[in-house]
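Undergrad: Starting off with a structure, shown below.
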Amino acid sequence: MTVTVESEPALRTVSGRRLRDLVLDRTGDAGLAHEVDVVSQVLPFKVSSYVVQELIDWDRAPDDAMYRLLFPHRDMLLPDDFAAVELAMRTQDRAGLRQTVDAVRDRLNPHPGDQLALNVPQEEDADGWGLQHKYHETLLVFPRQGQTCHSYCGYCFRWAQFVDRSDLRLAVSGPEVMTAHLRRHPEITDVLLTGGDPLVMRTELIEQYLRPLLRPEHDTVQTVRIGTKAVSFWPHRVLAGREADELLRLLSALVDAGKHVALMLHLSHPAELDTDAARAALRRLAGTGAVLRSQAPVVRHVNDDPDVWAQLWKDQVRNGVVPYYMFVERDTGARRYFGLPLARALEIYRGAIKGLSGLGRSARGPVMSASPGKVAIDGVVNLHNGPAFALRFLQHRNPELVGRPFHARFDAEAQWWNDLRPYGEHDREFFGGAA
Ligand code: SF4
């Protein structure tokens, strides 16, 4: 079926107290609405009208997977923290509530993976705030106007970007910060525009970041990536209207100039591709010559099922998307609600790929994007001293450690890199110790 839309409809979003009202209205469950109210004081939540109408199966809420992905649940907070916020709300003391909420946020590890300490460039006379240069060849750029999304995922590892605390927010003040850094670092071949979601920005602003990359002085940049969940949360962004058309023209211009343009689509569940609008958005994006790739974390309550991933990857291949990464949920925010043991994530990955054709098996996973680098969990093996996780760095701050197999002691409960211990002496160097 072809979607014919003359112009982009206005984006309407629901957040704050209106989120509670929406849940009450749609489910009639006052207890559920109260939980929404309490948890959303701490973690950011917002849904677009498209998500409310097209993606949530309200007859199944709160057990619908997309509801779980997008709406607050009391188990996202520790019981004591939930009670403390609830109490502070009841006393109606704004300063007290603010203090309680800040304290809870600080306990939720707002910047995992040492993002602020290690990844922000610290160069004399340079404003690197809003850039991340973790790997030699890749620069992440967080444009100030792109630090929001059309809706928020409950498991977002960048949730701190969306709360009203400027000390927790990475945001670059303008494109000249990016271009100055690129001039100083000709080794950078890949620029990743990220957020939030850069596609919340007007096309004119996106253009201010991407057009300069067409200048000869930036020939060193071969690949332009844009991280986005707009296809899932607001496909109208690329479907019709001047903003959409100009964006597609910009992507085509980059492709025509010889850049590799990759749309890094965040796709968590098959429901996100099960609308005419989403499929039409994919066709339009692919028509620019950009490559569409997908990534998402494997999380409890949403996609912790091999059949869900198998369906998701099949649907992606059918719609021209290359499965790229299955990530592990990071150690931040609502991880206590969404997180899974690494051993379970591995079972889900293997269960999902075993019935797929080669094209559906292109996603690497499960992968932790941890402080030292991206670590793939390749399997569980039995060695002389007992079972071990077989691991491999796909990327590392030290390129010498990339691609070499190593082992960690098997731990059925381990959920993250920090929970793992080297299996033997020769594994220590991968964990930051001497070989
Ligand atoms: S789309 Fe990405 S950045 Fe935005 S809320 Fe979801 S996970 Fe976070």
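Residues are named by chain letter and number: chains run A, B, ... in the order of the structure tokens, numbers start at 1 in each chain, and ligands are numbered from 1 in the order shown.
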Can you pull out every residue within 8 Å of range 152-154 of chain A, counting only C-alpha atoms, but drop anything in the same chain fewer than 6 positions away, and send it as a VMD selection string?
TA: chain A and resid 43 to 47 68 to 72 334
Undergrad: Show me which residues sit within 8 Å of ligand 1 when counting only C-alpha atoms and all ligand atoms, and put them as a PyMOL selection string.
TA: chain A and resi 148-159+194-197+227-230+266
Undergrad: Can I get the selection written as a short mmCIF file (atom, residue, chain, number, x, y, z; two decimals), in the first residue's frame, with all heavy atoms?
TA:
```cif
data_model
loop_
_atom_site.label_atom_id
_atom_site.label_comp_id
_atom_site.auth_asym_id
_atom_site.auth_seq_id
_atom_site.Cartn_x
_atom_site.Cartn_y
_atom_site.Cartn_z
N THR A 148 16.93 15.80 22.02
CA THR A 148 15.63 15.27 22.42
C THR A 148 15.25 14.24 21.36
O THR A 148 15.98 14.04 20.40
CB THR A 148 14.60 16.42 22.55
OG1 THR A 148 13.35 15.87 22.99
CG2 THR A 148 14.39 17.15 21.24
N CYS A 149 14.12 13.56 21.55
CA CYS A 149 13.67 12.57 20.56
C CYS A 149 12.17 12.76 20.36
O CYS A 149 11.52 13.44 21.16
CB CYS A 149 13.93 11.15 21.06
SG CYS A 149 15.68 10.84 21.38
N HIS A 150 11.62 12.14 19.34
CA HIS A 150 10.19 12.27 19.09
C HIS A 150 9.38 11.56 20.18
O HIS A 150 8.23 11.91 20.44
CB HIS A 150 9.84 11.70 17.71
CG HIS A 150 10.52 12.44 16.59
ND1 HIS A 150 11.62 11.95 15.96
CD2 HIS A 150 10.27 13.64 16.03
CE1 HIS A 150 12.02 12.81 15.03
NE2 HIS A 150 11.22 13.84 15.05
N SER A 151 9.98 10.54 20.78
CA SER A 151 9.44 9.86 21.97
C SER A 151 10.67 9.38 22.72
O SER A 151 11.77 9.35 22.14
CB SER A 151 8.60 8.64 21.58
OG SER A 151 7.50 9.01 20.76
N TYR A 152 10.52 9.00 23.98
CA TYR A 152 11.68 8.49 24.72
C TYR A 152 11.51 7.01 25.04
O TYR A 152 10.45 6.59 25.49
CB TYR A 152 11.85 9.25 26.04
CG TYR A 152 12.29 10.69 25.90
CD1 TYR A 152 11.89 11.63 26.83
CD2 TYR A 152 13.12 11.09 24.86
CE1 TYR A 152 12.29 12.95 26.73
CE2 TYR A 152 13.53 12.41 24.75
CZ TYR A 152 13.11 13.33 25.67
OH TYR A 152 13.51 14.63 25.57
N CYS A 153 12.59 6.26 24.85
CA CYS A 153 12.60 4.85 25.23
C CYS A 153 12.89 4.77 26.73
O CYS A 153 13.81 5.44 27.21
CB CYS A 153 13.72 4.11 24.50
SG CYS A 153 13.77 4.42 22.73
N GLY A 154 12.16 3.91 27.42
CA GLY A 154 12.37 3.79 28.87
C GLY A 154 13.77 3.33 29.20
O GLY A 154 14.28 3.61 30.28
N TYR A 155 14.42 2.60 28.29
CA TYR A 155 15.75 2.04 28.59
C TYR A 155 16.88 2.93 28.10
O TYR A 155 18.04 2.53 28.10
CB TYR A 155 15.89 0.65 27.97
CG TYR A 155 15.67 0.57 26.48
CD1 TYR A 155 16.51 1.22 25.58
CD2 TYR A 155 14.61 -0.17 25.97
CE1 TYR A 155 16.32 1.14 24.22
CE2 TYR A 155 14.41 -0.26 24.61
CZ TYR A 155 15.26 0.39 23.74
OH TYR A 155 15.05 0.32 22.39
N CYS A 156 16.58 4.13 27.68
CA CYS A 156 17.60 4.97 27.03
C CYS A 156 18.85 5.14 27.89
O CYS A 156 18.76 5.54 29.04
CB CYS A 156 17.02 6.34 26.74
SG CYS A 156 18.22 7.40 25.92
N PHE A 157 20.01 4.86 27.30
CA PHE A 157 21.25 5.08 28.06
C PHE A 157 21.67 6.54 28.02
O PHE A 157 22.60 6.94 28.70
CB PHE A 157 22.37 4.16 27.53
CG PHE A 157 22.91 4.54 26.19
CD1 PHE A 157 24.05 5.31 26.08
CD2 PHE A 157 22.29 4.11 25.03
CE1 PHE A 157 24.57 5.66 24.84
CE2 PHE A 157 22.79 4.46 23.80
CZ PHE A 157 23.92 5.23 23.69
N ARG A 158 20.97 7.35 27.23
CA ARG A 158 21.30 8.78 27.19
C ARG A 158 20.22 9.60 27.90
O ARG A 158 20.04 10.78 27.62
CB ARG A 158 21.44 9.25 25.74
CG ARG A 158 22.59 8.58 25.04
CD ARG A 158 23.24 9.51 24.04
NE ARG A 158 24.45 8.89 23.52
CZ ARG A 158 24.67 8.61 22.25
NH1 ARG A 158 23.75 8.88 21.35
NH2 ARG A 158 25.79 8.08 21.87
N TRP A 159 19.48 8.96 28.80
CA TRP A 159 18.36 9.64 29.46
C TRP A 159 18.81 10.94 30.12
O TRP A 159 18.04 11.90 30.19
CB TRP A 159 17.70 8.72 30.49
CG TRP A 159 18.61 8.29 31.60
CD1 TRP A 159 19.46 7.23 31.60
CD2 TRP A 159 18.79 8.94 32.88
NE1 TRP A 159 20.16 7.17 32.77
CE2 TRP A 159 19.76 8.20 33.58
CE3 TRP A 159 18.21 10.05 33.49
CZ2 TRP A 159 20.18 8.55 34.86
CZ3 TRP A 159 18.62 10.40 34.76
CH2 TRP A 159 19.59 9.65 35.43
N THR A 194 24.57 12.45 16.43
CA THR A 194 23.76 11.65 17.34
C THR A 194 23.06 12.56 18.34
O THR A 194 23.08 13.78 18.22
CB THR A 194 24.64 10.57 18.01
OG1 THR A 194 23.85 9.75 18.84
CG2 THR A 194 25.77 11.16 18.84
N GLY A 195 22.41 11.99 19.35
CA GLY A 195 21.64 12.83 20.27
C GLY A 195 21.35 12.10 21.55
O GLY A 195 22.22 11.38 22.03
N GLY A 196 20.13 12.14 21.91
CA GLY A 196 18.88 12.46 21.26
C GLY A 196 18.76 11.89 19.86
O GLY A 196 19.33 10.87 19.51
N ASP A 197 17.99 12.58 19.09
CA ASP A 197 17.75 12.17 17.71
C ASP A 197 17.97 13.39 16.81
O ASP A 197 17.17 14.33 16.85
CB ASP A 197 16.32 11.64 17.58
CG ASP A 197 16.10 10.95 16.25
OD1 ASP A 197 16.71 11.38 15.24
OD2 ASP A 197 15.31 9.98 16.20
N GLY A 227 22.36 8.75 13.69
CA GLY A 227 21.63 7.84 14.56
C GLY A 227 20.21 8.36 14.75
O GLY A 227 20.03 9.51 15.11
N THR A 228 19.21 7.52 14.52
CA THR A 228 17.83 8.01 14.63
C THR A 228 16.83 6.90 14.94
O THR A 228 17.05 5.73 14.56
CB THR A 228 17.40 8.72 13.32
OG1 THR A 228 16.06 9.22 13.48
CG2 THR A 228 17.45 7.80 12.12
N LYS A 229 15.76 7.28 15.62
CA LYS A 229 14.62 6.37 15.79
C LYS A 229 13.37 7.01 15.18
O LYS A 229 12.24 6.67 15.54
CB LYS A 229 14.41 6.04 17.28
CG LYS A 229 13.63 4.74 17.51
CD LYS A 229 13.72 4.31 18.97
CE LYS A 229 12.85 3.10 19.31
NZ LYS A 229 13.16 1.86 18.64
N ALA A 230 13.57 7.94 14.27
CA ALA A 230 12.43 8.64 13.69
C ALA A 230 11.53 7.71 12.88
O ALA A 230 10.31 7.90 12.85
CB ALA A 230 12.92 9.78 12.81
N HIS A 266 17.41 2.88 14.92
CA HIS A 266 17.18 2.18 16.18
C HIS A 266 15.83 1.48 16.06
O HIS A 266 14.79 2.15 16.02
CB HIS A 266 17.21 3.24 17.29
CG HIS A 266 16.91 2.73 18.64
ND1 HIS A 266 16.93 3.54 19.74
CD2 HIS A 266 16.56 1.51 19.10
CE1 HIS A 266 16.61 2.84 20.81
NE2 HIS A 266 16.38 1.61 20.44
#
```
Undergrad: With DSSP run on the backbone, what are the helix (DSSP H, G or I) residues within range 86-266 of chain A? I'd like them as a VMD selection string.
TA: chain A and resid 86 to 91 94 to 107 112 to 119 144 to 146 159 to 162 166 to 168 175 to 184 198 to 200 203 to 214 216 to 218 230 to 233 235 to 238 242 to 256
Undergrad: Under the rule that only C-alpha atoms are counted, which of A:Asp276, A:Lys259, A:Met201, A:Arg105 is the nearest residue to Phe82 in chain A?
TA: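 Of the candidates, the smallest distance to Phe82 in chain A is held by A:Arg105.
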Undergrad: Could you check how far CA of Val101 in chain A sits from CA of Glu329 in chain A, in Å to one decimal?
TA: 22.7 Å
Undergrad: Counting only C-alpha atoms, which residue out of A:Asp190, A:Arg202, A:Ala280, A:Leu312 sits closest to Ala262 in chain A?
TA: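 Of A:Asp190, A:Arg202, A:Ala280, A:Leu312, the one nearest Ala262 in chain A is A:Asp190, counting only C-alpha atoms.
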Undergrad: Just give me the gap between CA of Gln295 in chain A and CA of Phe393 in chain A in Å, one decimal is fine.
TA: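 Separation of CA of Gln295 in chain A and CA of Phe393 in chain A: 17.7 Å.
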Undergrad: Give me the residues within 12 Å of Asn382 in chain A as number ranges by chain, counting only C-alpha atoms and dropping any in the same chain fewer than 4 places off.
TA: A: 386-390, 407-410, 423
Undergrad: Work out how far apart CA of Ala281 in chain A and CA of His269 in chain A are and give it in Å to one decimal.
TA: 16.6 Å
Undergrad: Could you list, as JSON, numbers by chain, every residue within 9 Å of Gly241 in chain A, counting only C-alpha atoms and ignoring same-chain residues fewer than 2 positions away?
TA: {"A": [5, 6, 7, 8, 9, 236, 237, 238, 239, 243, 244, 245, 246]}
Undergrad: If you keep C-alpha atoms, can you produce a file of those selected residues as a PDB file, in the first residue's frame?
TA:
```pdb
ATOM      1  CA  VAL A   5       0.699  12.509   2.424  1.00  0.00           C
ATOM      2  CA  GLU A   6       0.911  16.014   1.015  1.00  0.00           C
ATOM      3  CA  SER A   7       2.698  17.624   3.937  1.00  0.00           C
ATOM      4  CA  GLU A   8       4.080  16.611   7.285  1.00  0.00           C
ATOM      5  CA  PRO A   9       1.356  16.538   9.953  1.00  0.00           C
ATOM      6  CA  HIS A 236       6.385  11.588   8.899  1.00  0.00           C
ATOM      7  CA  ARG A 237       9.727  13.347   9.392  1.00  0.00           C
ATOM      8  CA  VAL A 238      10.844  11.870   6.068  1.00  0.00           C
ATOM      9  CA  LEU A 239       7.519  11.155   4.364  1.00  0.00           C
ATOM     10  CA  GLU A 243      11.387  19.575   5.581  1.00  0.00           C
ATOM     11  CA  ALA A 244      11.329  15.943   4.493  1.00  0.00           C
ATOM     12  CA  ASP A 245      12.165  16.681   0.861  1.00  0.00           C
ATOM     13  CA  GLU A 246      15.071  18.935   1.775  1.00  0.00           C
TER      14      GLU A 246
END
```
Undergrad: Determine which residues of range 211-310 of chain A receive a DSSP assignment of strand (DSSP E or B), computed from the backbone, and state them as a list in words.
TA: Thr223, Val224, Arg225, Ile226, Gly227, Thr228, His260, Val261, Ala262, Leu263, Met264, Leu265, His266, Val291, Leu292, Arg293, Ser294, Gln295, Ala296, Pro297 and Val298 of chain A
Undergrad: Could you save those same residues with N, CA and C atoms as a PDB file, in the first residue's frame?
TA:
```
ATOM      1  N   THR A 223      32.694   8.792   5.832  1.00  0.00           N
ATOM      2  CA  THR A 223      31.393   8.233   6.219  1.00  0.00           C
ATOM      3  C   THR A 223      30.642   9.201   7.123  1.00  0.00           C
ATOM      4  N   VAL A 224      29.386   9.388   6.804  1.00  0.00           N
ATOM      5  CA  VAL A 224      28.518  10.214   7.643  1.00  0.00           C
ATOM      6  C   VAL A 224      27.407   9.312   8.166  1.00  0.00           C
ATOM      7  N   ARG A 225      27.344   9.189   9.472  1.00  0.00           N
ATOM      8  CA  ARG A 225      26.275   8.366  10.059  1.00  0.00           C
ATOM      9  C   ARG A 225      25.318   9.274  10.821  1.00  0.00           C
ATOM     10  N   ILE A 226      24.058   8.906  10.772  1.00  0.00           N
ATOM     11  CA  ILE A 226      23.054   9.644  11.553  1.00  0.00           C
ATOM     12  C   ILE A 226      22.296   8.609  12.383  1.00  0.00           C
ATOM     13  N   GLY A 227      22.363   8.753  13.686  1.00  0.00           N
ATOM     14  CA  GLY A 227      21.626   7.836  14.562  1.00  0.00           C
ATOM     15  C   GLY A 227      20.215   8.356  14.755  1.00  0.00           C
ATOM     16  N   THR A 228      19.211   7.519  14.518  1.00  0.00           N
ATOM     17  CA  THR A 228      17.827   8.012  14.627  1.00  0.00           C
ATOM     18  C   THR A 228      16.832   6.897  14.937  1.00  0.00           C
ATOM     19  N   HIS A 260      29.960   7.933   2.121  1.00  0.00           N
ATOM     20  CA  HIS A 260      29.101   6.822   2.506  1.00  0.00           C
ATOM     21  C   HIS A 260      28.158   7.376   3.584  1.00  0.00           C
ATOM     22  N   VAL A 261      26.867   7.353   3.307  1.00  0.00           N
ATOM     23  CA  VAL A 261      25.892   7.856   4.281  1.00  0.00           C
ATOM     24  C   VAL A 261      25.154   6.662   4.881  1.00  0.00           C
ATOM     25  N   ALA A 262      25.182   6.570   6.192  1.00  0.00           N
ATOM     26  CA  ALA A 262      24.507   5.445   6.853  1.00  0.00           C
ATOM     27  C   ALA A 262      23.493   5.988   7.849  1.00  0.00           C
ATOM     28  N   LEU A 263      22.256   5.541   7.704  1.00  0.00           N
ATOM     29  CA  LEU A 263      21.225   5.853   8.696  1.00  0.00           C
ATOM     30  C   LEU A 263      21.244   4.716   9.702  1.00  0.00           C
ATOM     31  N   MET A 264      21.628   5.049  10.925  1.00  0.00           N
ATOM     32  CA  MET A 264      21.719   4.028  11.979  1.00  0.00           C
ATOM     33  C   MET A 264      20.361   4.000  12.682  1.00  0.00           C
ATOM     34  N   LEU A 265      19.510   3.110  12.208  1.00  0.00           N
ATOM     35  CA  LEU A 265      18.122   3.102  12.676  1.00  0.00           C
ATOM     36  C   LEU A 265      18.003   2.277  13.948  1.00  0.00           C
ATOM     37  N   HIS A 266      17.405   2.877  14.920  1.00  0.00           N
ATOM     38  CA  HIS A 266      17.182   2.183  16.179  1.00  0.00           C
ATOM     39  C   HIS A 266      15.828   1.482  16.061  1.00  0.00           C
ATOM     40  N   VAL A 291      22.720   4.006   3.113  1.00  0.00           N
ATOM     41  CA  VAL A 291      22.563   2.628   3.571  1.00  0.00           C
ATOM     42  C   VAL A 291      21.807   2.649   4.892  1.00  0.00           C
ATOM     43  N   LEU A 292      20.844   1.756   5.025  1.00  0.00           N
ATOM     44  CA  LEU A 292      20.057   1.697   6.259  1.00  0.00           C
ATOM     45  C   LEU A 292      20.572   0.538   7.106  1.00  0.00           C
ATOM     46  N   ARG A 293      20.978   0.845   8.311  1.00  0.00           N
ATOM     47  CA  ARG A 293      21.443  -0.206   9.224  1.00  0.00           C
ATOM     48  C   ARG A 293      20.640  -0.118  10.517  1.00  0.00           C
ATOM     49  N   SER A 294      20.562  -1.234  11.231  1.00  0.00           N
ATOM     50  CA  SER A 294      19.722  -1.220  12.434  1.00  0.00           C
ATOM     51  C   SER A 294      20.513  -1.637  13.666  1.00  0.00           C
ATOM     52  N   GLN A 295      20.075  -1.126  14.793  1.00  0.00           N
ATOM     53  CA  GLN A 295      20.661  -1.520  16.070  1.00  0.00           C
ATOM     54  C   GLN A 295      19.638  -1.292  17.173  1.00  0.00           C
ATOM     55  N   ALA A 296      19.776  -2.072  18.234  1.00  0.00           N
ATOM     56  CA  ALA A 296      18.908  -1.906  19.413  1.00  0.00           C
ATOM     57  C   ALA A 296      19.455  -2.790  20.519  1.00  0.00           C
ATOM     58  N   PRO A 297      19.123  -2.455  21.754  1.00  0.00           N
ATOM     59  CA  PRO A 297      19.504  -3.352  22.841  1.00  0.00           C
ATOM     60  C   PRO A 297      18.477  -4.474  23.024  1.00  0.00           C
ATOM     61  N   VAL A 298      18.956  -5.597  23.547  1.00  0.00           N
ATOM     62  CA  VAL A 298      18.038  -6.676  23.918  1.00  0.00           C
ATOM     63  C   VAL A 298      17.640  -6.405  25.371  1.00  0.00           C
TER      64      VAL A 298
END
```
Undergrad: Please list as a list in words every residue within 7 Å of range 26-40 of chain A, counting only C-alpha atoms and excluding residues in the same chain fewer than 3 positions away.
TA: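 Close residues of range 26-40 of chain A: Gly16, Arg17, Arg20, Leu22, Val23, Leu43, Pro44, Phe45, Trp58, Pro72, His73, Arg74, Val85 and Glu86 of chain A.
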Undergrad: Identify, on the basis of only C-alpha atoms, every residue whose closest approach to Thr332 in chain A does not exceed 6 Å; exclude the query and any residue fewer than 2 positions from it along the same chain; express the result as a list in words.
TA: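 Listed by chain and then number, they are Leu108, Asn109, Arg330 and Arg335 of chain A.
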Undergrad: Go ahead and save the residues from that selection, with N, CA, C and O atoms, as a PDB file, in the first residue's frame.
TA:
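Listing of part03.pdb after writing:
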```
ATOM      1  N   LEU A 108      21.467   6.522  39.607  1.00  0.00           N
ATOM      2  CA  LEU A 108      21.174   5.754  38.387  1.00  0.00           C
ATOM      3  C   LEU A 108      22.310   5.857  37.354  1.00  0.00           C
ATOM      4  O   LEU A 108      22.094   5.599  36.173  1.00  0.00           O
ATOM      5  N   ASN A 109      23.487   6.236  37.792  1.00  0.00           N
ATOM      6  CA  ASN A 109      24.674   6.258  36.922  1.00  0.00           C
ATOM      7  C   ASN A 109      24.384   6.993  35.609  1.00  0.00           C
ATOM      8  O   ASN A 109      24.396   6.396  34.530  1.00  0.00           O
ATOM      9  N   ARG A 330      22.766  -0.994  28.861  1.00  0.00           N
ATOM     10  CA  ARG A 330      23.865  -0.417  29.636  1.00  0.00           C
ATOM     11  C   ARG A 330      23.552  -0.275  31.117  1.00  0.00           C
ATOM     12  O   ARG A 330      22.386  -0.276  31.519  1.00  0.00           O
ATOM     13  N   ARG A 335      18.030   0.207  34.261  1.00  0.00           N
ATOM     14  CA  ARG A 335      18.611  -1.095  33.945  1.00  0.00           C
ATOM     15  C   ARG A 335      18.024  -2.203  34.834  1.00  0.00           C
ATOM     16  O   ARG A 335      17.901  -3.351  34.420  1.00  0.00           O
TER      17      ARG A 335
END
```
Undergrad: Using only C-alpha atoms, which residue out of A:Ile353, A:Leu199, A:Ala61, A:Leu282 lies closest to Arg318 in chain A?
TA: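 For Arg318 in chain A, the nearest of the given residues is A:Leu282.
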Undergrad: Would you list the contacts of range 358-374 of chain A as an MDAnalysis selection string, taking every protein, DNA or RNA residue within 7 Å and counting only C-alpha atoms, but skipping same-chain residues closer than 3 positions in sequence?
TA: chainID A and resid 113:114 313:314 317 323:328 345:346 349 353 377 393:397 417
Undergrad: Counting only C-alpha atoms, figure out which residue out of A:Gly287, A:Pro112, A:Pro235, A:Pro216 gets nearest to Leu251 in chain A.
TA: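 Going through A:Gly287, A:Pro112, A:Pro235, A:Pro216 one by one, the smallest distance to Leu251 in chain A is for A:Gly287.
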Undergrad: Can you work out which one of A:Leu97, A:Leu342, A:Met66, A:Leu193 has the shortest atom-to-atom distance to Gln147 in chain A, counting only C-alpha atoms?
TA: A:Leu193
Undergrad: Using only C-alpha atoms, which residue out of A:Gly351, A:Gly320, A:Gly403, A:Pro143 lies closest to Ala290 in chain A?
TA: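 Smallest distance to Ala290 in chain A is found for A:Gly320.
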